[in-house]
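Here is the structure we will look at, set down as structure tokens.
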Amino acid sequence: MRGMKKSILVRSALLVFLSISCAGIGESSESPKPPFTAQQISIDGVPVVRLTDSVRDIEVSVLPTIGNIASEMKILGKNILFFPDRKLSDFQKNPTQTGIPFMAPWANRLDEEAFWANGKKYSFDKSLANYRKDGNGLPLHGLLGASAVWQVTNIGADEQSAYVTSKLEFWKHPDWMAQWPFAHEYQMTYRLADGALEVKTAVINLSAEPMPLAIGYHPYYRIPDIPRDQWKLRLPARKAVVADNRRLPSGEFKAMDLPNPLPLKGRTLDDGFGDLERDANGRATFSIEADGKQIEISFGPRYPVAIIWEPPLPPGQQSGFICVEPMTGITNAVNLNHAGKYPDLQMVPANSSWTESFWIRGKGF
């Protein structure tokens, strides 16, 4: 009996050992990385929101206190956004247009220091000096610039995406309201999903009157390690904007007369394009290509116009950038509409909202 009991005890111990050993087979001492993460961090004392896709090795950095711009979209460690190579704290002290800047409440130029809405003219208070002017003294790129008043309202990640939403309450700032007297808010969501970065914008009109919509983005793109003279641009436009030497449109369009794809070598552009070719989802897709690498930029249907800016390369510089800018209308749309020359101005009804997105996707990296 004693021998039998001993044998049973040995067999039981062996079974316990085997079950524990088998349970541990294939298990790692570390938990697997989540596919998407969203973190609030600080770099050089500057708040940064970092969205990460660990499966595709994509990393997006957003700077809420510097205009809520995206400064990086790194694919396998290479940034496809053009951004200066310097400390963020230095950039914060002297910001420039770079990365993905937002332009509001108007994008690009107005033809005078005033705008028309609902049959009324609103003249700017020049003494406030809170807007930029171009070389011809025309108001340029709105009022927000590198504003620090964006507030992060939602941040998170799940199995499909990483995202951050921020808002800017325009109506709280008297100097802005003095120039553009429509109480409104902006909500911007950066979402990294399915290998693409979506930039979604909501404009909420809190006013008792319809508000003209003239916003846009000014993204700076680059193909790392390949000179710009080797890039080509695919431009899905049937028409080009007719403009004068101040880059102010007449309200007319002409037939597209550029080759597609368009080699960028030895060329400069600062032109508007419309009547965009769209897919079944209403998206118009541009691309920048070189040596098997591609950056795709897709506009949602409420971005009917693109501005393409490709300035001359500085002497001795080869890398460069190109801007493919989603616009809610042509440059100076608000004033051209009042003059009866541009009927396609979008409006945000009183106590209502407007929403649209554009998407950025890298291929071949």
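Chains: A, B, ... in order of the structure tokens. Residues: from 1 per chain. Ligands: from 1, in order shown.
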| Hey, what's within 8 Å of region 80-93 of chain A if we count only C-alpha atoms and toss same-chain stuff fewer than 2 positions away? As a count of residues only, please? | 25
| field | DSSP-assigned strand (DSSP E or B) members of region 186-225 of chain A, reported as a ChimeraX atom specification | value | /A:186-193,196-205,211-214,216-217,220-221
| If we count only C-alpha atoms, what is near Asp257 (chain A) at a cut-off of 10 Å, once residues fewer than 4 positions away on the same chain are taken out, given as a PyMOL selection string? | chain A and resi 237-240
Only C-alpha atoms, please: the residues just picked out, written as a PDB file, in the first residue's frame.
ATOM      1  CA  ALA A 237      -7.293  68.541 -61.655  1.00  0.00           C
ATOM      2  CA  ARG A 238      -9.169  69.419 -64.838  1.00  0.00           C
ATOM      3  CA  LYS A 239      -8.976  73.187 -64.353  1.00  0.00           C
ATOM      4  CA  ALA A 240      -6.511  75.816 -63.131  1.00  0.00           C
TER       5      ALA A 240
END
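For Glu59 (chain A), the non-local neighbours within 10 Å, defined as residues at least 4 positions apart in the same chain or in other chains and counting only C-alpha atoms, are Phe36, Thr37, Ala38, Arg50, Leu51, Thr52, Asp53, Ser54, Glu72, Met73, Lys74, Ile75, Leu76, Gly77, Lys78, Asn79, Leu192 and Leu197 of chain A.
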Would you save the residues from that selection as an mmCIF file, in the first residue's frame, using N, CA and C atoms?
data_model
loop_
_atom_site.group_PDB
_atom_site.id
_atom_site.type_symbol
_atom_site.label_atom_id
_atom_site.label_comp_id
_atom_site.auth_asym_id
_atom_site.auth_seq_id
_atom_site.Cartn_x
_atom_site.Cartn_y
_atom_site.Cartn_z
ATOM 1 N N PHE A 36 -1.548 50.263 -31.517
ATOM 2 C CA PHE A 36 -1.620 51.720 -31.549
ATOM 3 C C PHE A 36 -1.490 52.291 -30.143
ATOM 4 N N THR A 37 -0.785 53.413 -30.049
ATOM 5 C CA THR A 37 -0.678 54.115 -28.770
ATOM 6 C C THR A 37 -0.817 55.613 -29.006
ATOM 7 N N ALA A 38 -1.263 56.326 -27.982
ATOM 8 C CA ALA A 38 -1.354 57.785 -27.991
ATOM 9 C C ALA A 38 -0.828 58.274 -26.649
ATOM 10 N N ARG A 50 2.034 62.175 -29.143
ATOM 11 C CA ARG A 50 2.684 61.207 -30.018
ATOM 12 C C ARG A 50 1.704 60.066 -30.320
ATOM 13 N N LEU A 51 1.344 59.914 -31.600
ATOM 14 C CA LEU A 51 0.497 58.815 -32.058
ATOM 15 C C LEU A 51 1.388 57.797 -32.758
ATOM 16 N N THR A 52 1.231 56.517 -32.411
ATOM 17 C CA THR A 52 2.132 55.493 -32.933
ATOM 18 C C THR A 52 1.359 54.290 -33.449
ATOM 19 N N ASP A 53 1.770 53.832 -34.628
ATOM 20 C CA ASP A 53 1.324 52.556 -35.199
ATOM 21 C C ASP A 53 2.543 51.643 -35.171
ATOM 22 N N SER A 54 2.616 50.751 -34.184
ATOM 23 C CA SER A 54 3.809 49.916 -34.004
ATOM 24 C C SER A 54 3.919 48.826 -35.058
ATOM 25 N N GLU A 72 5.666 65.962 -37.367
ATOM 26 C CA GLU A 72 6.300 64.741 -37.881
ATOM 27 C C GLU A 72 5.252 63.731 -38.292
ATOM 28 N N MET A 73 5.522 63.077 -39.400
ATOM 29 C CA MET A 73 4.878 61.810 -39.735
ATOM 30 C C MET A 73 6.011 60.913 -40.201
ATOM 31 N N LYS A 74 6.576 60.170 -39.254
ATOM 32 C CA LYS A 74 7.734 59.335 -39.546
ATOM 33 C C LYS A 74 7.286 57.937 -39.967
ATOM 34 N N ILE A 75 7.840 57.473 -41.082
ATOM 35 C CA ILE A 75 7.618 56.108 -41.554
ATOM 36 C C ILE A 75 8.967 55.410 -41.551
ATOM 37 N N LEU A 76 9.084 54.366 -40.748
ATOM 38 C CA LEU A 76 10.367 53.678 -40.562
ATOM 39 C C LEU A 76 11.458 54.677 -40.188
ATOM 40 N N GLY A 77 11.096 55.656 -39.352
ATOM 41 C CA GLY A 77 12.064 56.626 -38.845
ATOM 42 C C GLY A 77 12.328 57.814 -39.737
ATOM 43 N N LYS A 78 11.702 57.885 -40.932
ATOM 44 C CA LYS A 78 11.918 58.979 -41.875
ATOM 45 C C LYS A 78 10.700 59.903 -41.888
ATOM 46 N N ASN A 79 10.939 61.199 -41.662
ATOM 47 C CA ASN A 79 9.849 62.170 -41.595
ATOM 48 C C ASN A 79 9.449 62.609 -43.008
ATOM 49 N N LEU A 192 -4.541 58.298 -36.650
ATOM 50 C CA LEU A 192 -3.645 57.394 -37.358
ATOM 51 C C LEU A 192 -4.313 56.036 -37.429
ATOM 52 N N LEU A 197 -2.742 58.985 -42.056
ATOM 53 C CA LEU A 197 -3.084 60.009 -41.074
ATOM 54 C C LEU A 197 -4.261 60.804 -41.597
#
| task | Would you list the contacts of Lys232 (chain A) as a list in words, taking every protein, DNA or RNA residue within 12 Å and counting only C-alpha atoms, but skipping same-chain residues closer than 5 positions in sequence? | result | Arg222, Ile223, Ile226, Pro227, Pro259, Asn260, Pro261, Leu262, Pro263, Leu264, Lys265, Gly266, Arg267, Phe286, Ser287, Ile288, Glu289, Ala290, Asp291, Gly292, Lys293, Gln294, Ile295, Glu296, Glu310, Phe321 and Ile322 of chain A
| message | Can you pull out every residue from region 201-337 of chain A that DSSP, working from the backbone, puts in alpha helix (DSSP H), and format the result as a list of chain:residue names? | response | A:Ala333, A:Val334, A:Asn335, A:Leu336, A:Asn337
| query | Of the residues A:Ser127, A:Leu269, A:Ala157, A:Ala243, which is the one nearest to Ala193 (chain A), using only C-alpha atoms? | reply | A:Ala157
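Restricting the calculation to only C-alpha atoms, the smallest distance between Pro181 (chain A) and any of A:Glu209, A:Asp134, A:Asp279, A:Asp111 is found for A:Glu209.
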| Pick from A:Phe170, A:Glu325, A:Lys363, A:Arg302, whichever lies nearest to Leu345 (chain A) using only C-alpha atoms |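 Checking each candidate against Leu345 (chain A), we get A:Arg302 as the closest.
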